[in-house]
Structures are given as C-alpha cells and as structure tokens.
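A.B. asks: Just one file: model.pdb, with PDB, C-alpha atoms.
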```pdb
MODEL        1
ATOM      1  CA  MET A  22     -13.755  -9.325   7.736
ATOM      2  CA  GLY A  23     -15.920  -7.130   9.932
ATOM      3  CA  LYS A  24     -16.508  -3.420   9.705
ATOM      4  CA  ILE A  25     -14.205  -0.933  11.324
ATOM      5  CA  TYR A  26     -16.595  -0.392  14.165
ATOM      6  CA  ALA A  27     -19.404  -2.667  15.322
ATOM      7  CA  LEU A  28     -22.574  -0.925  16.411
ATOM      8  CA  PHE A  29     -24.862  -3.015  18.527
ATOM      9  CA  PHE A  30     -28.423  -1.707  18.587
ATOM     10  CA  SER A  31     -30.840  -2.786  21.257
ATOM     11  CA  ILE A  32     -33.981  -4.490  20.131
ATOM     12  CA  ILE A  33     -37.026  -2.333  20.409
ATOM     13  CA  ILE A  34     -39.350  -4.235  22.661
ATOM     14  CA  ALA A  35     -42.995  -3.687  22.011
ATOM     15  CA  THR A  36     -45.587  -5.172  24.286
ATOM     16  CA  THR A  37     -49.211  -5.024  23.414
ATOM     17  CA  SER A  38     -51.930  -4.730  26.006
ATOM     18  CA  LEU A  39     -55.349  -6.267  25.720
ATOM     19  CA  THR A  40     -56.500  -3.076  23.990
ATOM     20  CA  GLY A  41     -53.621  -3.204  21.448
ATOM     21  CA  CYS A  42     -51.528  -0.339  22.868
ATOM     22  CA  ILE A  43     -47.731  -0.410  22.342
ATOM     23  CA  SER A  44     -45.342   0.231  25.209
ATOM     24  CA  GLU A  45     -42.657   2.919  25.169
ATOM     25  CA  GLU A  46     -39.680   2.034  22.954
ATOM     26  CA  ASP A  47     -36.192   1.286  24.322
ATOM     27  CA  THR A  48     -33.809   3.003  21.913
ATOM     28  CA  SER A  49     -30.591   2.764  23.926
ATOM     29  CA  ILE A  50     -27.383   2.149  21.924
ATOM     30  CA  GLU A  51     -24.421   0.302  23.352
ATOM     31  CA  PRO A  52     -20.939   1.902  22.999
ATOM     32  CA  GLU A  53     -18.832   1.170  19.971
ATOM     33  CA  GLN A  54     -16.484  -1.775  20.416
ATOM     34  CA  PRO A  55     -13.082  -1.091  18.788
ATOM     35  CA  VAL A  56     -11.216  -3.909  17.070
ATOM     36  CA  LEU A  57      -7.479  -4.511  16.766
ATOM     37  CA  TYR A  58      -6.582  -5.359  13.163
ATOM     38  CA  LEU A  59      -3.523  -7.593  12.850
ATOM     39  CA  SER A  60      -1.485  -7.767   9.655
ATOM     40  CA  PHE A  61       1.735  -9.561   8.705
ATOM     41  CA  THR A  62       4.530  -8.387   6.418
ATOM     42  CA  LEU A  63       7.289 -10.504   4.877
ATOM     43  CA  HIS A  64      10.489  -8.968   3.544
ATOM     44  CA  VAL A  65      11.643 -11.285   0.766
ATOM     45  CA  GLU A  66      15.357 -10.538   0.669
ATOM     46  CA  GLY A  67      18.859 -11.828   1.161
ATOM     47  CA  TRP A  68      18.991 -14.526  -1.533
ATOM     48  CA  ILE A  69      21.557 -12.996  -3.858
ATOM     49  CA  ASN A  70      22.268 -14.333  -7.358
ATOM     50  CA  GLU A  71      19.027 -16.292  -7.570
ATOM     51  CA  ASP A  72      18.511 -14.685 -10.974
ATOM     52  CA  SER A  73      21.508 -16.736 -12.172
ATOM     53  CA  ASP A  74      20.880 -19.850 -10.069
ATOM     54  CA  GLN A  75      17.513 -21.378 -10.904
ATOM     55  CA  ASP A  76      17.682 -24.068  -8.212
ATOM     56  CA  LYS A  77      18.221 -21.369  -5.620
ATOM     57  CA  PHE A  78      15.223 -19.423  -6.891
ATOM     58  CA  ILE A  79      13.048 -22.544  -6.849
ATOM     59  CA  ARG A  80      13.984 -23.209  -3.213
ATOM     60  CA  HIS A  81      13.317 -19.603  -2.257
ATOM     61  CA  SER A  82      10.001 -19.518  -4.128
ATOM     62  CA  SER A  83       8.936 -22.691  -2.353
ATOM     63  CA  ILE A  84       9.604 -21.092   1.043
ATOM     64  CA  VAL A  85       7.626 -17.986   0.095
ATOM     65  CA  GLN A  86       4.722 -20.018  -1.310
ATOM     66  CA  ASN A  87       4.562 -22.466   1.608
ATOM     67  CA  THR A  88       4.619 -19.669   4.169
ATOM     68  CA  SER A  89       1.922 -17.770   2.284
ATOM     69  CA  ASP A  90      -0.242 -20.890   2.031
ATOM     70  CA  LEU A  91       0.051 -21.580   5.745
ATOM     71  CA  PHE A  92      -0.973 -18.057   6.708
ATOM     72  CA  ALA A  93      -3.804 -18.057   4.182
ATOM     73  CA  SER A  94      -5.140 -21.294   5.664
ATOM     74  CA  TYR A  95      -5.882 -19.265   8.793
ATOM     75  CA  GLY A  96      -7.372 -16.357   6.860
ATOM     76  CA  ALA A  97      -4.232 -14.236   7.163
ATOM     77  CA  PHE A  98      -3.132 -12.724   3.856
ATOM     78  CA  LEU A  99       0.418 -11.465   3.805
ATOM     79  CA  ASN A 100       1.998  -8.212   2.718
ATOM     80  CA  ILE A 101       4.889  -9.621   0.676
ATOM     81  CA  GLU A 102       7.506  -6.925   0.088
ATOM     82  CA  VAL A 103      10.157  -8.016  -2.408
ATOM     83  CA  ARG A 104      13.585  -6.737  -3.416
ATOM     84  CA  PRO A 105      13.467  -5.718  -7.105
ATOM     85  CA  ASP A 106      17.175  -6.476  -7.607
ATOM     86  CA  GLU A 107      16.850  -9.945  -6.072
ATOM     87  CA  PHE A 108      13.519 -11.778  -6.140
ATOM     88  CA  ILE A 109      11.859  -9.760  -8.900
ATOM     89  CA  ALA A 110      14.978 -10.026 -11.063
ATOM     90  CA  ALA A 111      14.832 -13.797 -10.585
ATOM     91  CA  THR A 112      11.139 -14.011 -11.500
ATOM     92  CA  ASP A 113      12.059 -12.264 -14.750
ATOM     93  CA  ALA A 114      15.041 -14.501 -15.370
ATOM     94  CA  TRP A 115      13.060 -17.704 -14.896
ATOM     95  CA  ASN A 116       9.737 -16.488 -16.294
ATOM     96  CA  SER A 117       7.923 -17.121 -13.004
ATOM     97  CA  SER A 118       4.393 -15.905 -12.269
ATOM     98  CA  ILE A 119       4.667 -16.456  -8.509
ATOM     99  CA  LEU A 120       4.001 -12.829  -7.547
ATOM    100  CA  ALA A 121       0.899 -12.554  -9.720
ATOM    101  CA  ASP A 122      -0.244 -15.933  -8.403
ATOM    102  CA  LEU A 123       0.202 -14.821  -4.795
ATOM    103  CA  GLU A 124      -1.762 -11.639  -5.426
ATOM    104  CA  SER A 125      -4.581 -13.599  -7.058
ATOM    105  CA  GLU A 126      -4.708 -15.748  -3.891
ATOM    106  CA  GLY A 127      -5.349 -12.637  -1.781
ATOM    107  CA  HIS A 128      -1.873 -11.613  -0.678
ATOM    108  CA  VAL A 129      -0.511  -8.094  -1.189
ATOM    109  CA  ILE A 130       2.693  -7.408  -3.117
ATOM    110  CA  GLY A 131       4.883  -4.435  -2.255
ATOM    111  CA  ILE A 132       8.458  -3.247  -2.660
ATOM    112  CA  HIS A 133      11.240  -3.628  -0.088
ATOM    113  CA  ALA A 134      13.697  -1.102  -1.459
ATOM    114  CA  ASP A 135      16.478  -1.428   1.123
ATOM    115  CA  ILE A 136      18.187   1.696  -0.227
ATOM    116  CA  GLY A 137      17.592   4.535   2.212
ATOM    117  CA  ASN A 138      21.082   4.763   3.651
ATOM    118  CA  ALA A 139      22.995   4.363   0.382
ATOM    119  CA  PRO A 140      25.868   6.898   0.195
ATOM    120  CA  GLY A 141      25.361   9.794  -2.182
ATOM    121  CA  THR A 142      21.570   9.440  -2.294
ATOM    122  CA  THR A 143      19.673  12.615  -3.136
ATOM    123  CA  LEU A 144      15.953  13.277  -3.121
ATOM    124  CA  GLU A 145      15.950  13.212  -6.917
ATOM    125  CA  SER A 146      17.936   9.988  -7.194
ATOM    126  CA  MET A 147      15.808   8.271  -4.541
ATOM    127  CA  THR A 148      12.592   9.345  -6.259
ATOM    128  CA  ASN A 149      13.816   8.085  -9.623
ATOM    129  CA  LEU A 150      14.926   4.769  -8.151
ATOM    130  CA  LEU A 151      11.641   4.245  -6.272
ATOM    131  CA  SER A 152       9.686   5.073  -9.431
ATOM    132  CA  ASN A 153      11.678   2.495 -11.347
ATOM    133  CA  MET A 154      11.158  -0.110  -8.629
ATOM    134  CA  LYS A 155       7.412   0.454  -8.769
ATOM    135  CA  ARG A 156       7.454   0.036 -12.546
ATOM    136  CA  VAL A 157       9.546  -3.148 -12.310
ATOM    137  CA  GLY A 158       7.136  -4.553  -9.733
ATOM    138  CA  GLU A 159       4.064  -3.727 -11.767
ATOM    139  CA  ASN A 160       5.635  -5.443 -14.766
ATOM    140  CA  GLN A 161       4.929  -8.640 -12.801
ATOM    141  CA  ASN A 162       1.216  -7.969 -13.373
ATOM    142  CA  VAL A 163       0.623  -6.991  -9.757
ATOM    143  CA  SER A 164      -0.533  -3.799  -8.074
ATOM    144  CA  ILE A 165       2.243  -2.023  -6.171
ATOM    145  CA  ARG A 166       0.883   0.400  -3.577
ATOM    146  CA  GLY A 167       3.246   0.036  -0.622
ATOM    147  CA  ILE A 168       6.964   0.247   0.073
ATOM    148  CA  SER A 169       9.492  -0.199   2.884
ATOM    149  CA  GLY A 170      13.243   0.035   3.361
ATOM    150  CA  ILE A 171      13.577   3.717   2.494
ATOM    151  CA  CYS A 172      14.579   5.251   5.842
ATOM    152  CA  SER A 173      17.145   7.980   5.295
ATOM    153  CA  ASN A 174      18.252  11.488   6.192
ATOM    154  CA  ILE A 175      16.707  12.326   2.810
ATOM    155  CA  ASP A 176      13.002  13.238   2.795
ATOM    156  CA  TRP A 177      11.950   9.631   2.151
ATOM    157  CA  ILE A 178       8.277  10.441   2.560
ATOM    158  CA  GLN A 179       8.442  13.023  -0.228
ATOM    159  CA  ALA A 180      10.337  10.556  -2.433
ATOM    160  CA  ALA A 181       7.726   7.833  -1.879
ATOM    161  CA  TYR A 182       4.933  10.300  -2.611
ATOM    162  CA  ASP A 183       6.581  11.593  -5.785
ATOM    163  CA  ALA A 184       7.149   7.993  -6.930
ATOM    164  CA  GLY A 185       3.451   7.180  -6.546
ATOM    165  CA  TYR A 186       3.350   4.972  -3.448
ATOM    166  CA  GLU A 187       0.238   5.093  -1.297
ATOM    167  CA  TYR A 188       1.525   3.735   2.017
ATOM    168  CA  ILE A 189       4.787   2.951   3.812
ATOM    169  CA  THR A 190       5.388   0.079   6.234
ATOM    170  CA  SER A 191       8.160  -1.313   8.432
ATOM    171  CA  ILE A 192       9.068   2.026   9.953
ATOM    172  CA  VAL A 193      11.924   1.951  12.467
ATOM    173  CA  GLU A 194      13.661   4.585  14.553
ATOM    174  CA  TYR A 195      16.326   5.056  11.866
ATOM    175  CA  CYS A 196      13.595   6.715   9.796
ATOM    176  CA  MET A 197      13.858   9.701  12.154
ATOM    177  CA  LEU A 198      17.099  10.734  10.454
ATOM    178  CA  SER A 199      14.995  12.803   8.064
ATOM    179  CA  MET A 200      13.921  14.945  11.017
ATOM    180  CA  THR A 201      15.814  17.862  12.520
ATOM    181  CA  ASN A 202      16.745  18.895  16.043
ATOM    182  CA  ASP A 203      13.601  21.017  16.026
ATOM    183  CA  THR A 204      11.195  18.371  14.728
ATOM    184  CA  ILE A 205      12.380  15.108  16.302
ATOM    185  CA  PRO A 206      10.151  14.078  19.246
ATOM    186  CA  LEU A 207      11.448  14.487  22.767
ATOM    187  CA  GLY A 208      13.500  11.495  23.895
ATOM    188  CA  TYR A 209      14.606  10.445  20.415
ATOM    189  CA  GLU A 210      17.378  12.994  19.889
ATOM    190  CA  ASP A 211      20.112  10.335  19.966
ATOM    191  CA  VAL A 212      18.680   8.768  16.801
ATOM    192  CA  LEU A 213      20.115  11.679  14.832
ATOM    193  CA  ASN A 214      23.558  10.249  15.650
ATOM    194  CA  CYS A 215      22.853   6.814  14.129
ATOM    195  CA  THR A 216      25.338   5.819  11.442
ATOM    196  CA  ASN A 217      23.478   2.739  10.146
ATOM    197  CA  PRO A 218      19.996   1.178  10.456
ATOM    198  CA  ALA A 219      21.189  -1.636  12.729
ATOM    199  CA  GLU A 220      21.962   0.889  15.467
ATOM    200  CA  CYS A 221      18.391   2.195  15.539
ATOM    201  CA  HIS A 222      16.245  -0.693  14.386
ATOM    202  CA  ASP A 223      13.558  -0.709  17.089
ATOM    203  CA  THR A 224      10.093  -0.232  15.651
ATOM    204  CA  VAL A 225       9.239   3.430  15.842
ATOM    205  CA  PHE A 226       7.009   4.728  18.644
ATOM    206  CA  TYR A 227       6.409   1.227  20.055
ATOM    207  CA  SER A 228       5.775   2.855  23.453
ATOM    208  CA  ALA A 229       3.594   5.622  22.013
ATOM    209  CA  PRO A 230       0.324   3.994  20.870
ATOM    210  CA  GLU A 231      -1.138   7.311  19.716
ATOM    211  CA  TYR A 232       1.305   7.010  16.803
ATOM    212  CA  SER A 233       2.156   3.351  16.408
ATOM    213  CA  MET A 234      -1.348   1.882  16.651
ATOM    214  CA  HIS A 235      -3.189   4.200  14.294
ATOM    215  CA  PRO A 236      -2.279   4.607  10.600
ATOM    216  CA  TYR A 237      -1.913   8.260   9.693
ATOM    217  CA  ARG A 238      -0.700  10.679   7.052
ATOM    218  CA  PRO A 239       2.295  12.813   8.071
ATOM    219  CA  HIS A 240       2.566  16.547   7.721
ATOM    220  CA  SER A 241       5.953  16.327   5.991
ATOM    221  CA  GLY A 242       9.092  14.228   5.713
ATOM    222  CA  ILE A 243      11.122  16.321   8.128
ATOM    223  CA  ASP A 244       8.233  16.537  10.583
ATOM    224  CA  TRP A 245       6.449  13.217  10.067
ATOM    225  CA  ALA A 246       5.585  12.809  13.748
ATOM    226  CA  ASN A 247       3.207  15.704  13.118
ATOM    227  CA  ILE A 248      -0.032  13.945  12.125
ATOM    228  CA  ASN A 249      -2.008  15.479   9.287
ATOM    229  CA  HIS A 250      -4.787  13.180   8.069
ATOM    230  CA  SER A 251      -5.700  15.761   5.426
ATOM    231  CA  SER A 252      -2.318  15.675   3.698
ATOM    232  CA  ALA A 253      -1.720  13.779   0.467
ATOM    233  CA  TYR A 254       1.402  12.003   1.721
ATOM    234  CA  PRO A 255       1.519   8.194   1.928
ATOM    235  CA  VAL A 256      -0.136   6.582   4.934
ATOM    236  CA  LEU A 257       2.268   5.286   7.598
ATOM    237  CA  ILE A 258       1.325   1.779   8.796
ATOM    238  CA  MET A 259       3.355   0.871  11.874
ATOM    239  CA  SER A 260       4.032  -2.100  14.128
ATOM    240  CA  GLY A 261       1.908  -1.253  17.130
ATOM    241  CA  MET A 262       3.413  -1.942  20.524
ATOM    242  CA  GLN A 263       6.073  -4.423  19.383
ATOM    243  CA  GLN A 264       9.574  -3.188  20.117
ATOM    244  CA  HIS A 265      11.230  -5.348  17.460
ATOM    245  CA  SER A 266      10.482  -7.139  14.225
ATOM    246  CA  PHE A 267       8.780 -10.493  14.700
ATOM    247  CA  TYR A 268      11.953 -12.553  14.377
ATOM    248  CA  CYS A 269      13.692 -10.470  17.053
ATOM    249  CA  LEU A 270      10.901 -10.478  19.635
ATOM    250  CA  SER A 271      12.844 -13.346  21.239
ATOM    251  CA  THR A 272      16.459 -14.522  21.290
ATOM    252  CA  ASN A 273      18.350 -17.783  21.590
ATOM    253  CA  THR A 274      20.742 -18.776  24.374
ATOM    254  CA  VAL A 275      23.560 -16.597  23.019
ATOM    255  CA  GLY A 276      21.356 -13.552  22.528
ATOM    256  CA  ASP A 277      20.775 -13.728  18.779
ATOM    257  CA  CYS A 278      17.335 -13.106  17.283
ATOM    258  CA  ALA A 279      15.441 -16.386  17.016
ATOM    259  CA  PHE A 280      11.940 -17.621  16.221
ATOM    260  CA  ASN A 281      10.986 -19.776  19.199
ATOM    261  CA  ASN A 282       8.241 -20.186  21.785
ATOM    262  CA  GLY A 283       9.388 -16.953  23.381
ATOM    263  CA  THR A 284       8.523 -15.147  20.137
ATOM    264  CA  ILE A 285       4.889 -16.163  20.412
ATOM    265  CA  THR A 286       4.786 -15.223  24.084
ATOM    266  CA  ALA A 287       6.219 -11.768  23.341
ATOM    267  CA  TYR A 288       3.820 -11.309  20.427
ATOM    268  CA  ILE A 289       0.786 -12.088  22.577
ATOM    269  CA  GLU A 290       2.063  -9.717  25.246
ATOM    270  CA  SER A 291       2.171  -7.007  22.563
ATOM    271  CA  ILE A 292      -1.413  -7.800  21.576
ATOM    272  CA  ASP A 293      -2.563  -7.609  25.198
ATOM    273  CA  LEU A 294      -0.837  -4.259  25.602
ATOM    274  CA  ALA A 295      -2.399  -3.007  22.371
ATOM    275  CA  LEU A 296      -5.852  -4.109  23.492
ATOM    276  CA  GLU A 297      -5.386  -2.061  26.660
ATOM    277  CA  ASN A 298      -4.733   0.985  24.462
ATOM    278  CA  LEU A 299      -7.524   0.672  21.904
ATOM    279  CA  ASN A 300      -9.009   4.001  20.915
ATOM    280  CA  PRO A 301     -12.578   3.874  19.533
ATOM    281  CA  ASP A 302     -12.027   7.152  17.686
ATOM    282  CA  TYR A 303      -9.322   5.710  15.410
ATOM    283  CA  LEU A 304      -8.419   2.645  13.386
ATOM    284  CA  ASN A 305      -6.417   0.311  15.663
ATOM    285  CA  THR A 306      -3.746  -1.794  13.931
ATOM    286  CA  MET A 307      -0.556  -3.781  14.462
ATOM    287  CA  ASN A 308       1.610  -4.827  11.521
ATOM    288  CA  THR A 309       4.132  -7.569  12.314
ATOM    289  CA  VAL A 310       7.264  -7.635  10.141
ATOM    290  CA  TRP A 311      10.043 -10.106   9.547
ATOM    291  CA  SER A 312      12.569 -11.002   6.880
ATOM    292  CA  LEU A 313      11.900 -14.320   5.191
ATOM    293  CA  GLY A 314      15.302 -15.852   4.685
ATOM    294  CA  THR A 315      15.343 -19.399   6.021
ATOM    295  CA  PRO A 316      12.120 -21.392   6.434
ATOM    296  CA  LEU A 317      10.230 -20.760   9.644
ATOM    297  CA  SER A 318       9.127 -23.643  11.835
ATOM    298  CA  GLU A 319       5.678 -24.750  10.675
ATOM    299  CA  GLU A 320       4.974 -26.057  14.162
ATOM    300  CA  LEU A 321       5.609 -22.622  15.639
ATOM    301  CA  GLN A 322       3.572 -20.918  12.915
ATOM    302  CA  HIS A 323       0.616 -23.193  13.689
ATOM    303  CA  GLY A 324       1.230 -22.465  17.360
ATOM    304  CA  LEU A 325       1.015 -18.732  16.665
ATOM    305  CA  PHE A 326      -2.493 -19.033  15.249
ATOM    306  CA  ALA A 327      -3.546 -21.453  17.983
ATOM    307  CA  VAL A 328      -2.928 -18.780  20.629
ATOM    308  CA  LEU A 329      -4.452 -16.085  18.412
ATOM    309  CA  GLN A 330      -7.728 -17.924  17.881
ATOM    310  CA  PRO A 331      -9.337 -17.055  21.259
ATOM    311  CA  TYR A 332      -8.724 -13.356  20.552
ATOM    312  CA  ILE A 333     -10.326 -13.732  17.130
ATOM    313  CA  ASP A 334     -13.259 -15.737  18.497
ATOM    314  CA  SER A 335     -13.916 -13.065  21.124
ATOM    315  CA  GLY A 336     -14.097 -10.362  18.451
ATOM    316  CA  GLN A 337     -11.262  -8.342  19.980
ATOM    317  CA  VAL A 338      -8.941  -9.077  17.062
ATOM    318  CA  GLU A 339      -9.421  -9.412  13.320
ATOM    319  CA  LEU A 340      -6.890 -10.429  10.674
ATOM    320  CA  ALA A 341      -6.450  -8.009   7.781
ATOM    321  CA  SER A 342      -3.894  -7.682   5.019
ATOM    322  CA  VAL A 343      -1.903  -4.455   4.898
ATOM    323  CA  GLY A 344      -3.848  -3.567   1.758
ATOM    324  CA  GLU A 345      -7.103  -3.985   3.678
ATOM    325  CA  VAL A 346      -5.737  -1.869   6.544
ATOM    326  CA  TYR A 347      -4.926   0.886   4.062
ATOM    327  CA  ASP A 348      -8.420   0.681   2.573
ATOM    328  CA  LEU A 349      -9.948   0.755   6.057
ATOM    329  CA  TYR A 350      -7.942   3.885   6.780
ATOM    330  CA  LEU A 351      -9.320   5.553   3.659
ATOM    331  CA  VAL A 352     -12.850   4.774   4.854
ATOM    332  CA  TRP A 353     -12.086   6.057   8.338
ATOM    333  CA  ALA A 354     -10.531   9.256   6.964
ATOM    334  CA  SER A 355     -13.493   9.892   4.649
ATOM    335  CA  GLU A 356     -15.811   9.758   7.650
ATOM    336  CA  ASN A 357     -13.691  11.581  10.227
ATOM    337  CA  VAL A 358     -11.423  14.127   8.543
TER     338      VAL A 358
ENDMDL
END
```
Mind turning this structure into structure tokens?
C.D. replies:
Amino acid sequence: MGKIYALFFSIIIATTSLTGCISEEDTSIEPEQPVLYLSFTLHVEGWINEDSDQDKFIRHSSIVQNTSDLFASYGAFLNIEVRPDEFIAATDAWNSSILADLESEGHVIGIHADIGNAPGTTLESMTNLLSNMKRVGENQNVSIRGISGICSNIDWIQAAYDAGYEYITSIVEYCMLSMTNDTIPLGYEDVLNCTNPAECHDTVFYSAPEYSMHPYRPHSGIDWANINHSSAYPVLIMSGMQQHSFYCLSTNTVGDCAFNNGTITAYIESIDLALENLNPDYLNTMNTVWSLGTPLSEELQHGLFAVLQPYIDSGQVELASVGEVYDLYLVWASENV
C-alpha cells in the first residue's frame, strides 16, 4: 500500500558543457496527489442460536471465510465486526479458531455491539458491557481495537473510550441522539425525534465530505460534530459519500434493499463524487459497510473489483483495511496536529 501522500520530485537535469560546467538545477516540485483509501466492513450478525446448532455455525463460518477469501484475493482485507452474543459465543461453543485465522490472514476483527438503543442503558452499564465485549473478543486471540453498533442518546463516545476502544465505525444519523438541540448540526434537528435506528439509518454526513471523508477525533460525545484531532477520544471512521450501507445502495423491484448491478453502479458513483472532493490536507477515506447474513453473489463481488481496478491502476484509489486507515490517521495526526 502506498504512502498517505505521494510526492513527485522532478529530476535535476545537469548538462555539462565542453569545459565541464553544470547548468542551473531545476528543483520544481509537483503538487501532492491525494489518494482515496477504500475499506470494507462486514457486520457478522443475525444468525441466532448458532452456539447450540453446530451445522448452522459451520454454514455461517463458511460464508464469512469465503467472502473474506474473495476480498483478500483482490488485496482487500476486511474489517470483520462480530456480535459477541452470537458468532463469538459460537466460536467458543465449537472451539473454532476462525477469528484468529482471519486476523492472521490480514483481516481486522472488531466488535459489533448492537446495543446502543437498549432500554434502561446508562453510561456506566454501556461502558461495562463494552468492556466485557472487548475482553470476550480478545479471548479469541485477536486484537480488538474497533467497535460499531453503539449509537444511543447515551454518550456512546465516552463509553467506547472508557472501555478502551480506539476507533468507531458504521456511524449513522441515529448516532446524533447523543447530541442536544444546541450541539446538533443545522438540518439534522429531526434526528432527535427518532425512536429507533431504522428511522435514521442513513450514513452520517454523507453529503458533508469535510466530516464523512476524513477520519477525526471528536471533541465530546454530545458535541461529536465538533472536530478535535488533539482529543483522546476514539477516531470516527465514516462511510464517505455513500448515503446507505452497501447492501442498501440499490433496491429490488418492490423497493427492498438488494445487492445487484445497481449496487455497483451506485458505489462507483459514490467513489466519483468522493474523488471530486479529495482534500490534500487530510486523509481521504470511504468505509463501505454491510451486514453479512446470506451469501453474496460471487459474480457481483468479482464485478465490483472489475470496475474498481481502473481506479486502482490510475493511482486515484487504494485499498486499505480499517485497521490500516486508523494507523494512517495516527501518522497524519502526528505530522499535522
């Protein structure tokens, strides 16, 4: 994977005359060329009772492994966020090493908590639960740095920080419930009336690239649209200029979310829009998220990378795992903050 910024230096041309004199040097430097880093996140969820049904777990594991292998064959290493009460519980029940194996192959393992809107949740109870989830994940002999599924009217950023997480992904508009009338950005006030995540599940700030395309540290949980790269809070890694999760970028004939050729078209349109909004002063990223329930069409997955390849070949786009994006942010922050 290339560096965050590519500096192209002109060659100093020296011409020697008959007397051996050297001409004046050309020391011009071409402008920095920003890159769009693309990452992919899978939410491994929805297969209940696989800790008591081994055949079910084997089928699910096969889907996860096959999808991971396909992406890796193109140099794309996934951010695999798992439910502790579902998939991790099943790996314990059946003594599976799949998560450690996936990490050793280059993929990133994180937690998909899916708890933020649980009734009766307090900051203390959320922090304790997230801490326990991190411990359960790390008992699989993997490194757990990231988390998702914690949007709430509770200060979910503070809870993630107190529980030891380093970055947060899969951030949707429902996450704004932790804000107040005074801190919520203009135009998003209606989000404060959401009663469940499904009502406000668009990716956050998809039309505001100054937020959605550049990982950043927030100032606080109730004011997390206030960027503060010097804070110690977890880094927010967002979905760029995609309005929906990957699976819902397109729909079928009756309007339901569906992975089809329209998905790839919409995804490429998001990339083109992101490329128009690249900022050479920041790290430019786009994290694509979807829930891995049923197997995805391998033909369409191959088709996705077929249309991506010209962007990669041109140097406009590079593939990076979410873990690599986080590390790139740390480098950027060390040099710019």
A.B. asks: Residues within 12 Å of segment 89-98 of chain A, please, as a ChimeraX atom specification. Count all atoms listed in the file; anything in the same chain fewer than 2 positions from it doesn't count.
C.D. replies: /A:22,58-63,65,82-87,100-101,119-120,122-130,308-309,313,316-327,329-330,333,339-346
A.B. asks: Which neighbours of Thr148 of chain A fall inside 7 Å, counting only C-alpha atoms, when residues of the same chain fewer than 6 positions from it are skipped, and could you give them as a VMD selection string?
C.D. replies: chain A and resid 180 to 181 183 to 184
A.B. asks: As a check of understanding, name the residues that the PyMOL selection byres ((chain A and resi 294) around 12) selects in the supplied structure, as a VMD selection string.
C.D. replies: chain A and resid 57 227 to 230 234 261 to 264 287 to 293 295 to 299 307
A.B. asks: So, counting all atoms listed in the file, which residue among A:Tyr182, A:Trp177, A:Trp115, A:Tyr350 is closest to Tyr195 of chain A?
C.D. replies: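 Among the listed residues, A:Trp177 lies closest to Tyr195 of chain A.
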A.B. asks: Tell me which residues the PyMOL selection byres ((chain A and resi 244-260) around 9) grabs here, as an NGL selection string.
C.D. replies: :A and (167 or 178-179 or 181-182 or 185-193 or 197 or 199-201 or 203-206 or 224-227 or 232-243 or 261-266 or 306-310 or 343 or 346-347 or 350 or 354 or 358)
A.B. asks: Provide segment 140-159 of chain A of the preceding structure as a file containing N, CA and C atoms, as an mmCIF file, in the first residue's frame.
C.D. replies:
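Final output, saved to result19.cif:
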```cif
data_model
loop_
_atom_site.group_PDB
_atom_site.id
_atom_site.type_symbol
_atom_site.label_atom_id
_atom_site.label_comp_id
_atom_site.auth_asym_id
_atom_site.auth_seq_id
_atom_site.Cartn_x
_atom_site.Cartn_y
_atom_site.Cartn_z
ATOM 1 N N PRO A 140 -33.304 -0.370 26.061
ATOM 2 C CA PRO A 140 -33.966 0.385 27.134
ATOM 3 C C PRO A 140 -33.218 0.259 28.459
ATOM 4 N N GLY A 141 -33.191 1.347 29.201
ATOM 5 C CA GLY A 141 -32.571 1.332 30.517
ATOM 6 C C GLY A 141 -31.064 1.451 30.514
ATOM 7 N N THR A 142 -30.448 1.631 29.346
ATOM 8 C CA THR A 142 -28.993 1.734 29.274
ATOM 9 C C THR A 142 -28.521 3.024 29.929
ATOM 10 N N THR A 143 -27.475 2.918 30.723
ATOM 11 C CA THR A 143 -26.825 4.083 31.316
ATOM 12 C C THR A 143 -25.390 4.120 30.820
ATOM 13 N N LEU A 144 -24.729 5.235 31.044
ATOM 14 C CA LEU A 144 -23.327 5.341 30.636
ATOM 15 C C LEU A 144 -22.497 4.264 31.330
ATOM 16 N N GLU A 145 -22.763 4.039 32.603
ATOM 17 C CA GLU A 145 -21.998 3.035 33.345
ATOM 18 C C GLU A 145 -22.267 1.632 32.814
ATOM 19 N N SER A 146 -23.541 1.322 32.575
ATOM 20 C CA SER A 146 -23.860 -0.034 32.108
ATOM 21 C C SER A 146 -23.326 -0.265 30.695
ATOM 22 N N MET A 147 -23.386 0.763 29.842
ATOM 23 C CA MET A 147 -22.847 0.620 28.494
ATOM 24 C C MET A 147 -21.337 0.419 28.540
ATOM 25 N N THR A 148 -20.659 1.196 29.356
ATOM 26 C CA THR A 148 -19.202 1.069 29.474
ATOM 27 C C THR A 148 -18.821 -0.324 29.950
ATOM 28 N N ASN A 149 -19.519 -0.811 30.959
ATOM 29 C CA ASN A 149 -19.210 -2.152 31.479
ATOM 30 C C ASN A 149 -19.451 -3.222 30.424
ATOM 31 N N LEU A 150 -20.550 -3.096 29.692
ATOM 32 C CA LEU A 150 -20.865 -4.082 28.664
ATOM 33 C C LEU A 150 -19.840 -4.046 27.532
ATOM 34 N N LEU A 151 -19.454 -2.844 27.094
ATOM 35 C CA LEU A 151 -18.464 -2.729 26.019
ATOM 36 C C LEU A 151 -17.100 -3.252 26.472
ATOM 37 N N SER A 152 -16.762 -3.035 27.716
ATOM 38 C CA SER A 152 -15.502 -3.576 28.255
ATOM 39 C C SER A 152 -15.519 -5.099 28.229
ATOM 40 N N ASN A 153 -16.648 -5.666 28.616
ATOM 41 C CA ASN A 153 -16.775 -7.117 28.612
ATOM 42 C C ASN A 153 -16.723 -7.673 27.195
ATOM 43 N N MET A 154 -17.360 -6.992 26.252
ATOM 44 C CA MET A 154 -17.320 -7.431 24.864
ATOM 45 C C MET A 154 -15.894 -7.426 24.320
ATOM 46 N N LYS A 155 -15.137 -6.412 24.677
ATOM 47 C CA LYS A 155 -13.746 -6.339 24.227
ATOM 48 C C LYS A 155 -12.946 -7.510 24.799
ATOM 49 N N ARG A 156 -13.179 -7.806 26.073
ATOM 50 C CA ARG A 156 -12.476 -8.917 26.714
ATOM 51 C C ARG A 156 -12.849 -10.242 26.066
ATOM 52 N N VAL A 157 -14.148 -10.436 25.807
ATOM 53 C CA VAL A 157 -14.615 -11.671 25.161
ATOM 54 C C VAL A 157 -13.991 -11.818 23.771
ATOM 55 N N GLY A 158 -13.922 -10.711 23.032
ATOM 56 C CA GLY A 158 -13.303 -10.762 21.716
ATOM 57 C C GLY A 158 -11.832 -11.097 21.778
ATOM 58 N N GLU A 159 -11.129 -10.485 22.698
ATOM 59 C CA GLU A 159 -9.690 -10.722 22.811
ATOM 60 C C GLU A 159 -9.374 -12.114 23.323
#
```
